$ cat upload33.pdb   # PDB, C-alpha atoms
ATOM      1  CA  MET A   1      42.300 -68.041 189.765  1.00  0.00           C
ATOM      2  CA  SER A   2      41.874 -67.894 186.006  1.00  0.00           C
ATOM      3  CA  LEU A   3      42.138 -70.977 183.826  1.00  0.00           C
ATOM      4  CA  ARG A   4      45.159 -71.123 181.568  1.00  0.00           C
ATOM      5  CA  LEU A   5      45.995 -73.182 178.511  1.00  0.00           C
ATOM      6  CA  GLY A   6      46.739 -76.764 179.476  1.00  0.00           C
ATOM      7  CA  ASP A   7      44.823 -76.551 182.756  1.00  0.00           C
ATOM      8  CA  GLN A   8      42.238 -79.182 183.633  1.00  0.00           C
ATOM      9  CA  ALA A   9      38.748 -77.831 182.945  1.00  0.00           C
ATOM     10  CA  PRO A  10      36.880 -78.168 186.250  1.00  0.00           C
ATOM     11  CA  ASN A  11      33.773 -80.290 186.512  1.00  0.00           C
ATOM     12  CA  PHE A  12      30.394 -78.944 187.615  1.00  0.00           C
ATOM     13  CA  ARG A  13      26.749 -79.881 187.867  1.00  0.00           C
ATOM     14  CA  ALA A  14      24.243 -77.436 186.450  1.00  0.00           C
ATOM     15  CA  GLN A  15      20.625 -76.823 185.512  1.00  0.00           C
ATOM     16  CA  THR A  16      20.283 -76.389 181.762  1.00  0.00           C
ATOM     17  CA  THR A  17      17.619 -76.094 179.103  1.00  0.00           C
ATOM     18  CA  ILE A  18      18.005 -79.828 178.353  1.00  0.00           C
ATOM     19  CA  GLY A  19      17.847 -80.836 182.037  1.00  0.00           C
ATOM     20  CA  ASP A  20      20.375 -81.178 184.836  1.00  0.00           C
ATOM     21  CA  ILE A  21      23.807 -82.263 183.639  1.00  0.00           C
ATOM     22  CA  ASP A  22      27.155 -83.322 185.006  1.00  0.00           C
ATOM     23  CA  PHE A  23      29.667 -81.533 182.768  1.00  0.00           C
ATOM     24  CA  TYR A  24      32.141 -84.420 182.593  1.00  0.00           C
ATOM     25  CA  GLU A  25      29.454 -87.023 181.965  1.00  0.00           C
ATOM     26  CA  TYR A  26      27.681 -84.960 179.306  1.00  0.00           C
ATOM     27  CA  THR A  27      30.865 -84.203 177.377  1.00  0.00           C
ATOM     28  CA  GLU A  28      32.711 -87.519 177.805  1.00  0.00           C
ATOM     29  CA  GLY A  29      34.865 -88.239 174.730  1.00  0.00           C
ATOM     30  CA  SER A  30      33.977 -84.983 172.960  1.00  0.00           C
ATOM     31  CA  TRP A  31      35.621 -81.681 172.179  1.00  0.00           C
ATOM     32  CA  ILE A  32      33.812 -78.860 173.951  1.00  0.00           C
ATOM     33  CA  VAL A  33      32.939 -75.235 173.311  1.00  0.00           C
ATOM     34  CA  LEU A  34      31.770 -73.573 176.531  1.00  0.00           C
ATOM     35  CA  TYR A  35      30.859 -69.921 176.110  1.00  0.00           C
ATOM     36  CA  SER A  36      29.195 -67.312 178.289  1.00  0.00           C
ATOM     37  CA  HIS A  37      26.747 -64.472 177.793  1.00  0.00           C
ATOM     38  CA  PRO A  38      26.217 -61.412 180.017  1.00  0.00           C
ATOM     39  CA  SER A  39      22.466 -61.970 180.284  1.00  0.00           C
ATOM     40  CA  ASP A  40      19.405 -63.192 178.431  1.00  0.00           C
ATOM     41  CA  TYR A  41      17.529 -61.068 175.904  1.00  0.00           C
ATOM     42  CA  THR A  42      20.682 -59.268 174.775  1.00  0.00           C
ATOM     43  CA  PRO A  43      20.954 -58.473 171.054  1.00  0.00           C
ATOM     44  CA  VAL A  44      24.496 -59.593 170.197  1.00  0.00           C
ATOM     45  CA  CYS A  45      24.163 -62.847 172.117  1.00  0.00           C
ATOM     46  CA  THR A  46      20.831 -63.539 170.435  1.00  0.00           C
ATOM     47  CA  THR A  47      22.637 -63.632 167.100  1.00  0.00           C
ATOM     48  CA  GLU A  48      25.451 -65.750 168.574  1.00  0.00           C
ATOM     49  CA  LEU A  49      23.231 -68.491 169.967  1.00  0.00           C
ATOM     50  CA  GLY A  50      21.339 -68.492 166.688  1.00  0.00           C
ATOM     51  CA  ARG A  51      24.541 -68.833 164.699  1.00  0.00           C
ATOM     52  CA  THR A  52      25.684 -71.697 166.920  1.00  0.00           C
ATOM     53  CA  ALA A  53      22.439 -73.529 166.278  1.00  0.00           C
ATOM     54  CA  GLN A  54      22.746 -72.942 162.525  1.00  0.00           C
ATOM     55  CA  LEU A  55      26.213 -74.536 162.627  1.00  0.00           C
ATOM     56  CA  LYS A  56      25.007 -77.671 164.421  1.00  0.00           C
ATOM     57  CA  SER A  57      26.162 -80.051 161.671  1.00  0.00           C
ATOM     58  CA  GLU A  58      29.609 -78.403 161.548  1.00  0.00           C
ATOM     59  CA  PHE A  59      30.114 -78.920 165.272  1.00  0.00           C
ATOM     60  CA  GLU A  60      28.782 -82.480 165.099  1.00  0.00           C
ATOM     61  CA  LYS A  61      31.155 -83.568 162.336  1.00  0.00           C
ATOM     62  CA  ARG A  62      34.043 -82.307 164.469  1.00  0.00           C
ATOM     63  CA  ASN A  63      32.763 -84.224 167.539  1.00  0.00           C
ATOM     64  CA  VAL A  64      32.130 -80.962 169.397  1.00  0.00           C
ATOM     65  CA  LYS A  65      29.503 -80.392 172.083  1.00  0.00           C
ATOM     66  CA  VAL A  66      28.521 -76.762 172.653  1.00  0.00           C
ATOM     67  CA  LEU A  67      27.274 -75.372 175.957  1.00  0.00           C
ATOM     68  CA  ALA A  68      26.222 -71.771 176.540  1.00  0.00           C
ATOM     69  CA  LEU A  69      25.939 -70.050 179.921  1.00  0.00           C
ATOM     70  CA  SER A  70      24.087 -67.054 181.317  1.00  0.00           C
ATOM     71  CA  VAL A  71      23.511 -66.008 184.915  1.00  0.00           C
ATOM     72  CA  ASP A  72      19.745 -65.675 184.370  1.00  0.00           C
ATOM     73  CA  ALA A  73      17.074 -68.152 185.436  1.00  0.00           C
ATOM     74  CA  ILE A  74      16.070 -71.231 183.445  1.00  0.00           C
ATOM     75  CA  GLU A  75      12.600 -69.749 182.794  1.00  0.00           C
ATOM     76  CA  ASP A  76      14.239 -66.733 181.172  1.00  0.00           C
ATOM     77  CA  HIS A  77      16.384 -69.059 179.058  1.00  0.00           C
ATOM     78  CA  PHE A  78      13.333 -70.806 177.639  1.00  0.00           C
ATOM     79  CA  GLY A  79      11.679 -67.493 176.770  1.00  0.00           C
ATOM     80  CA  TRP A  80      14.859 -66.182 175.191  1.00  0.00           C
ATOM     81  CA  ILE A  81      15.328 -69.330 173.119  1.00  0.00           C
ATOM     82  CA  LYS A  82      11.867 -68.802 171.638  1.00  0.00           C
ATOM     83  CA  ASP A  83      12.974 -65.349 170.515  1.00  0.00           C
ATOM     84  CA  ILE A  84      16.256 -66.702 169.158  1.00  0.00           C
ATOM     85  CA  ASN A  85      14.520 -69.411 167.155  1.00  0.00           C
ATOM     86  CA  GLU A  86      12.052 -66.881 165.756  1.00  0.00           C
ATOM     87  CA  THR A  87      14.475 -64.098 164.865  1.00  0.00           C
ATOM     88  CA  GLN A  88      17.422 -66.253 163.708  1.00  0.00           C
ATOM     89  CA  ASN A  89      15.325 -68.849 161.864  1.00  0.00           C
ATOM     90  CA  THR A  90      16.859 -71.799 163.690  1.00  0.00           C
ATOM     91  CA  ASN A  91      16.352 -74.262 166.544  1.00  0.00           C
ATOM     92  CA  VAL A  92      18.516 -73.958 169.653  1.00  0.00           C
ATOM     93  CA  ASP A  93      18.742 -77.488 171.034  1.00  0.00           C
ATOM     94  CA  PHE A  94      22.121 -77.405 172.780  1.00  0.00           C
ATOM     95  CA  PRO A  95      22.196 -76.789 176.550  1.00  0.00           C
ATOM     96  CA  VAL A  96      22.071 -73.255 177.909  1.00  0.00           C
ATOM     97  CA  ILE A  97      23.243 -73.279 181.523  1.00  0.00           C
ATOM     98  CA  ALA A  98      21.301 -71.338 184.162  1.00  0.00           C
ATOM     99  CA  ASP A  99      23.962 -70.034 186.547  1.00  0.00           C
ATOM    100  CA  GLN A 100      22.059 -67.719 188.864  1.00  0.00           C
ATOM    101  CA  ASP A 101      24.368 -68.393 191.806  1.00  0.00           C
ATOM    102  CA  ARG A 102      27.377 -67.848 189.499  1.00  0.00           C
ATOM    103  CA  THR A 103      28.964 -71.145 190.531  1.00  0.00           C
ATOM    104  CA  VAL A 104      30.196 -71.967 187.022  1.00  0.00           C
ATOM    105  CA  ALA A 105      31.008 -68.338 186.244  1.00  0.00           C
ATOM    106  CA  GLU A 106      33.295 -68.168 189.280  1.00  0.00           C
ATOM    107  CA  LEU A 107      34.799 -71.587 188.561  1.00  0.00           C
ATOM    108  CA  TYR A 108      35.779 -70.475 185.046  1.00  0.00           C
ATOM    109  CA  ASP A 109      36.595 -66.858 185.987  1.00  0.00           C
ATOM    110  CA  MET A 110      33.868 -65.474 183.734  1.00  0.00           C
ATOM    111  CA  ILE A 111      33.163 -62.430 185.903  1.00  0.00           C
ATOM    112  CA  HIS A 112      35.579 -59.533 185.413  1.00  0.00           C
ATOM    113  CA  PRO A 113      34.648 -56.841 187.958  1.00  0.00           C
ATOM    114  CA  ASN A 114      36.022 -53.948 185.911  1.00  0.00           C
ATOM    115  CA  ALA A 115      33.713 -54.907 183.040  1.00  0.00           C
ATOM    116  CA  SER A 116      30.705 -55.922 185.172  1.00  0.00           C
ATOM    117  CA  ALA A 117      30.462 -56.854 188.834  1.00  0.00           C
ATOM    118  CA  THR A 118      27.465 -59.108 188.283  1.00  0.00           C
ATOM    119  CA  ALA A 119      27.314 -60.371 184.684  1.00  0.00           C
ATOM    120  CA  THR A 120      29.646 -62.782 182.943  1.00  0.00           C
ATOM    121  CA  VAL A 121      31.987 -61.464 180.296  1.00  0.00           C
ATOM    122  CA  ARG A 122      31.717 -63.067 176.858  1.00  0.00           C
ATOM    123  CA  SER A 123      34.247 -65.879 177.276  1.00  0.00           C
ATOM    124  CA  VAL A 124      34.972 -68.850 175.036  1.00  0.00           C
ATOM    125  CA  PHE A 125      36.686 -72.026 176.193  1.00  0.00           C
ATOM    126  CA  ILE A 126      37.651 -74.809 173.805  1.00  0.00           C
ATOM    127  CA  ILE A 127      38.346 -77.970 175.775  1.00  0.00           C
ATOM    128  CA  GLY A 128      39.706 -81.249 174.436  1.00  0.00           C
ATOM    129  CA  PRO A 129      38.485 -84.804 175.132  1.00  0.00           C
ATOM    130  CA  ASP A 130      41.339 -84.964 177.672  1.00  0.00           C
ATOM    131  CA  ARG A 131      39.504 -82.157 179.526  1.00  0.00           C
ATOM    132  CA  LYS A 132      42.433 -79.788 179.082  1.00  0.00           C
ATOM    133  CA  VAL A 133      41.814 -76.142 178.153  1.00  0.00           C
ATOM    134  CA  LYS A 134      43.050 -75.703 174.576  1.00  0.00           C
ATOM    135  CA  LEU A 135      41.940 -72.118 173.861  1.00  0.00           C
ATOM    136  CA  THR A 136      40.456 -69.142 175.693  1.00  0.00           C
ATOM    137  CA  LEU A 137      38.966 -65.990 174.163  1.00  0.00           C
ATOM    138  CA  THR A 138      37.281 -63.013 175.796  1.00  0.00           C
ATOM    139  CA  TYR A 139      35.202 -60.596 173.745  1.00  0.00           C
ATOM    140  CA  PRO A 140      33.782 -57.191 174.651  1.00  0.00           C
ATOM    141  CA  ALA A 141      30.023 -56.912 174.894  1.00  0.00           C
ATOM    142  CA  SER A 142      29.800 -54.904 171.680  1.00  0.00           C
ATOM    143  CA  THR A 143      31.545 -57.384 169.338  1.00  0.00           C
ATOM    144  CA  GLY A 144      29.872 -60.573 168.166  1.00  0.00           C
ATOM    145  CA  ARG A 145      32.013 -63.692 168.203  1.00  0.00           C
ATOM    146  CA  ASN A 146      33.331 -65.082 164.908  1.00  0.00           C
ATOM    147  CA  PHE A 147      32.152 -68.679 164.707  1.00  0.00           C
ATOM    148  CA  ASN A 148      34.068 -69.362 161.512  1.00  0.00           C
ATOM    149  CA  GLU A 149      37.193 -68.589 163.538  1.00  0.00           C
ATOM    150  CA  ILE A 150      36.068 -70.907 166.341  1.00  0.00           C
ATOM    151  CA  LEU A 151      35.582 -73.735 163.814  1.00  0.00           C
ATOM    152  CA  ARG A 152      38.960 -72.910 162.214  1.00  0.00           C
ATOM    153  CA  VAL A 153      40.706 -73.154 165.575  1.00  0.00           C
ATOM    154  CA  ILE A 154      39.013 -76.482 166.306  1.00  0.00           C
ATOM    155  CA  ASP A 155      40.219 -77.790 162.922  1.00  0.00           C
ATOM    156  CA  SER A 156      43.752 -76.678 163.782  1.00  0.00           C
ATOM    157  CA  LEU A 157      43.663 -78.118 167.293  1.00  0.00           C
ATOM    158  CA  GLN A 158      42.371 -81.473 166.112  1.00  0.00           C
ATOM    159  CA  LEU A 159      44.929 -81.647 163.304  1.00  0.00           C
ATOM    160  CA  THR A 160      47.900 -80.628 165.429  1.00  0.00           C
ATOM    161  CA  ASP A 161      46.849 -83.018 168.203  1.00  0.00           C
ATOM    162  CA  GLU A 162      47.214 -85.914 165.770  1.00  0.00           C
ATOM    163  CA  TYR A 163      50.223 -84.870 163.682  1.00  0.00           C
ATOM    164  CA  SER A 164      53.555 -83.136 164.360  1.00  0.00           C
ATOM    165  CA  VAL A 165      52.466 -79.952 162.598  1.00  0.00           C
ATOM    166  CA  ALA A 166      51.426 -76.396 163.331  1.00  0.00           C
ATOM    167  CA  THR A 167      49.153 -74.152 161.278  1.00  0.00           C
ATOM    168  CA  PRO A 168      50.315 -70.803 159.834  1.00  0.00           C
ATOM    169  CA  ALA A 169      48.602 -67.435 159.939  1.00  0.00           C
ATOM    170  CA  ASP A 170      45.130 -67.402 158.366  1.00  0.00           C
ATOM    171  CA  TRP A 171      45.298 -71.167 157.729  1.00  0.00           C
ATOM    172  CA  THR A 172      42.080 -72.925 156.814  1.00  0.00           C
ATOM    173  CA  ASP A 173      41.345 -76.623 156.461  1.00  0.00           C
ATOM    174  CA  GLY A 174      42.990 -78.088 153.357  1.00  0.00           C
ATOM    175  CA  GLU A 175      45.926 -75.686 153.136  1.00  0.00           C
ATOM    176  CA  ASP A 176      49.613 -76.480 153.704  1.00  0.00           C
ATOM    177  CA  VAL A 177      50.821 -76.754 157.289  1.00  0.00           C
ATOM    178  CA  ILE A 178      54.133 -76.227 159.079  1.00  0.00           C
ATOM    179  CA  VAL A 179      56.332 -79.109 160.202  1.00  0.00           C
ATOM    180  CA  VAL A 180      57.209 -78.561 163.865  1.00  0.00           C
ATOM    181  CA  PRO A 181      60.860 -77.639 164.573  1.00  0.00           C
ATOM    182  CA  ALA A 182      61.370 -80.767 166.707  1.00  0.00           C
ATOM    183  CA  ILE A 183      61.385 -82.904 163.539  1.00  0.00           C
ATOM    184  CA  ARG A 184      64.738 -82.940 161.749  1.00  0.00           C
ATOM    185  CA  THR A 185      64.601 -82.078 158.052  1.00  0.00           C
ATOM    186  CA  GLU A 186      66.076 -85.468 157.085  1.00  0.00           C
ATOM    187  CA  ASP A 187      63.242 -87.215 158.973  1.00  0.00           C
ATOM    188  CA  ILE A 188      60.422 -85.327 157.242  1.00  0.00           C
ATOM    189  CA  PRO A 189      60.010 -87.629 154.180  1.00  0.00           C
ATOM    190  CA  ALA A 190      59.320 -90.656 156.373  1.00  0.00           C
ATOM    191  CA  LYS A 191      56.694 -88.817 158.424  1.00  0.00           C
ATOM    192  CA  PHE A 192      55.172 -86.744 155.619  1.00  0.00           C
ATOM    193  CA  PRO A 193      55.285 -88.711 152.340  1.00  0.00           C
ATOM    194  CA  LYS A 194      53.349 -86.026 150.432  1.00  0.00           C
ATOM    195  CA  GLY A 195      56.571 -84.016 150.307  1.00  0.00           C
ATOM    196  CA  PHE A 196      57.708 -80.787 151.899  1.00  0.00           C
ATOM    197  CA  LYS A 197      59.162 -77.377 151.109  1.00  0.00           C
ATOM    198  CA  GLU A 198      62.073 -75.912 153.064  1.00  0.00           C
ATOM    199  CA  ILE A 199      61.675 -72.137 153.087  1.00  0.00           C
ATOM    200  CA  LYS A 200      64.173 -71.706 155.911  1.00  0.00           C
ATOM    201  CA  PRO A 201      65.788 -74.395 158.072  1.00  0.00           C
ATOM    202  CA  TYR A 202      63.236 -73.541 160.775  1.00  0.00           C
ATOM    203  CA  LEU A 203      60.297 -73.060 158.376  1.00  0.00           C
ATOM    204  CA  ARG A 204      59.260 -76.220 156.514  1.00  0.00           C
ATOM    205  CA  THR A 205      55.801 -76.744 155.031  1.00  0.00           C
ATOM    206  CA  THR A 206      53.952 -79.855 153.903  1.00  0.00           C
ATOM    207  CA  PRO A 207      50.491 -80.593 152.498  1.00  0.00           C
ATOM    208  CA  GLN A 208      47.880 -81.198 155.175  1.00  0.00           C
ATOM    209  CA  PRO A 209      48.542 -84.826 156.191  1.00  0.00           C
ATOM    210  CA  ASN A 210      44.956 -85.919 156.778  1.00  0.00           C
ATOM    211  CA  ARG A 211      43.695 -84.768 153.393  1.00  0.00           C
TER
END

$ encode --input "upload33.pdb" --output "structure tokens"
Amino acid sequence: MSLRLGDQAPNFRAQTTIGDIDFYEYTEGSWIVLYSHPSDYTPVCTTELGRTAQLKSEFEKRNVKVLALSVDAIEDHFGWIKDINETQNTNVDFPVIADQDRTVAELYDMIHPNASATATVRSVFIIGPDRKVKLTLTYPASTGRNFNEILRVIDSLQLTDEYSVATPADWTDGEDVIVVPAIRTEDIPAKFPKGFKEIKPYLRTTPQPNR
């Protein structure tokens, strides 16, 4: 069964490039990006793991732990990481899960038989500190993931978790946000003292409240 938004992200134990981990223990109290790769030594994924490593400080300031997964062996992971560090001018120090028996891949429905019967598809899961699935994305093998978009979504999720707002199309951190419909217009000034704009009765915007 596939995981859907709001589902509990299942726990697992796994061998990784930083040692054996218990998923829940390793990620306790953090936001999580868990993403999969079809196999080691693949060109698009080489750039993706490199980009993730380059963005280490951006993930850290958002309290995000990143874990990658491939169904290849741990020895292959270590060799691949050397290539990634060399070609992407970075240092991959986040865990890359070795999932040769496909335990985690099956648990998170990362194998789509019509795409590949043996390799994981290129999935992304964003999981909150409450261990609930907040976002899922699945990319084709030919298209590299957009990590600016992943960071943007995390910003939105963290903001909307804390305040009664939603974020509009193409929103980026610092821009105006939407007041959720559940809040009556007459109650907005008390909740959002920076002011608001009523475009339509159902479309009210306010400056980002945590800025």

$ closest_residue --input "upload33.pdb" --among "A:Asp99, A:Glu48, A:Glu175, A:Asp72" --to "Asp20 in chain A" --atoms "all atoms listed in the file"
A:Asp99

$ closest_residue --input "upload33.pdb" --among "A:Asp7, A:Glu28, A:Glu198, A:Asp161" --to "Asn63 in chain A" --atoms "all atoms listed in the file"
A:Glu28

$ resolve_selection --input "upload33.pdb" --expression "the PyMOL selection byres ((chain A and resi 44) around 10)" --output "VMD selection string"
chain A and resid 37 41 to 43 45 to 49 141 to 145

$ resolve_selection --input "upload33.pdb" --expression "the PyMOL selection byres ((chain A and resi 50) around 10)" --output "ChimeraX atom specification"
/A:45-49,51-55,81,83-92

$ atom_distance --input "upload33.pdb" --atom1 "CA of Gln158 in chain A" --atom2 "CA of Trp171 in chain A"
13.6 Å

$ closest_residue --input "upload33.pdb" --among "A:Ala105, A:Ile183, A:Val64, A:Ile126" --to "Tyr26 in chain A" --atoms "only C-alpha atoms"
A:Val64

$ closest_residue --input "upload33.pdb" --among "A:Ser164, A:Gln15, A:Thr185, A:Thr138" --to "Val104 in chain A" --atoms "all atoms listed in the file"
A:Gln15

$ atom_distance --input "upload33.pdb" --atom1 "CA of Phe125 in chain A" --atom2 "CA of Asp22 in chain A"
17.2 Å

$ closest_residue --input "upload33.pdb" --among "A:Glu25, A:Asp155, A:Asp130, A:Asp76" --to "Glu58 in chain A" --atoms "only C-alpha atoms"
A:Asp155

$ resolve_selection --input "upload33.pdb" --expression "the PyMOL selection byres ((chain A and resi 122) around 8)" --output "number ranges by chain"
A: 35-38, 110, 120-121, 123-124, 138-141

$ write_last_selection --input "upload33.pdb" --atoms "C-alpha atoms" --output "compact mmCIF listing (two decimals), in the frame of the given file"
# COMPACT_ATOMS: atom_id res chain seq x y z
CA TYR A 35 30.86 -69.92 176.11
CA SER A 36 29.20 -67.31 178.29
CA HIS A 37 26.75 -64.47 177.79
CA PRO A 38 26.22 -61.41 180.02
CA MET A 110 33.87 -65.47 183.73
CA THR A 120 29.65 -62.78 182.94
CA VAL A 121 31.99 -61.46 180.30
CA SER A 123 34.25 -65.88 177.28
CA VAL A 124 34.97 -68.85 175.04
CA THR A 138 37.28 -63.01 175.80
CA TYR A 139 35.20 -60.60 173.74
CA PRO A 140 33.78 -57.19 174.65
CA ALA A 141 30.02 -56.91 174.89

$ atom_distance --input "upload33.pdb" --atom1 "CA of Asn210 in chain A" --atom2 "CA of Leu151 in chain A"
16.9 Å

$ closest_residue --input "upload33.pdb" --among "A:Ile127, A:Lys56, A:Arg4, A:Lys61" --to "Thr27 in chain A" --atoms "all atoms listed in the file"
A:Ile127
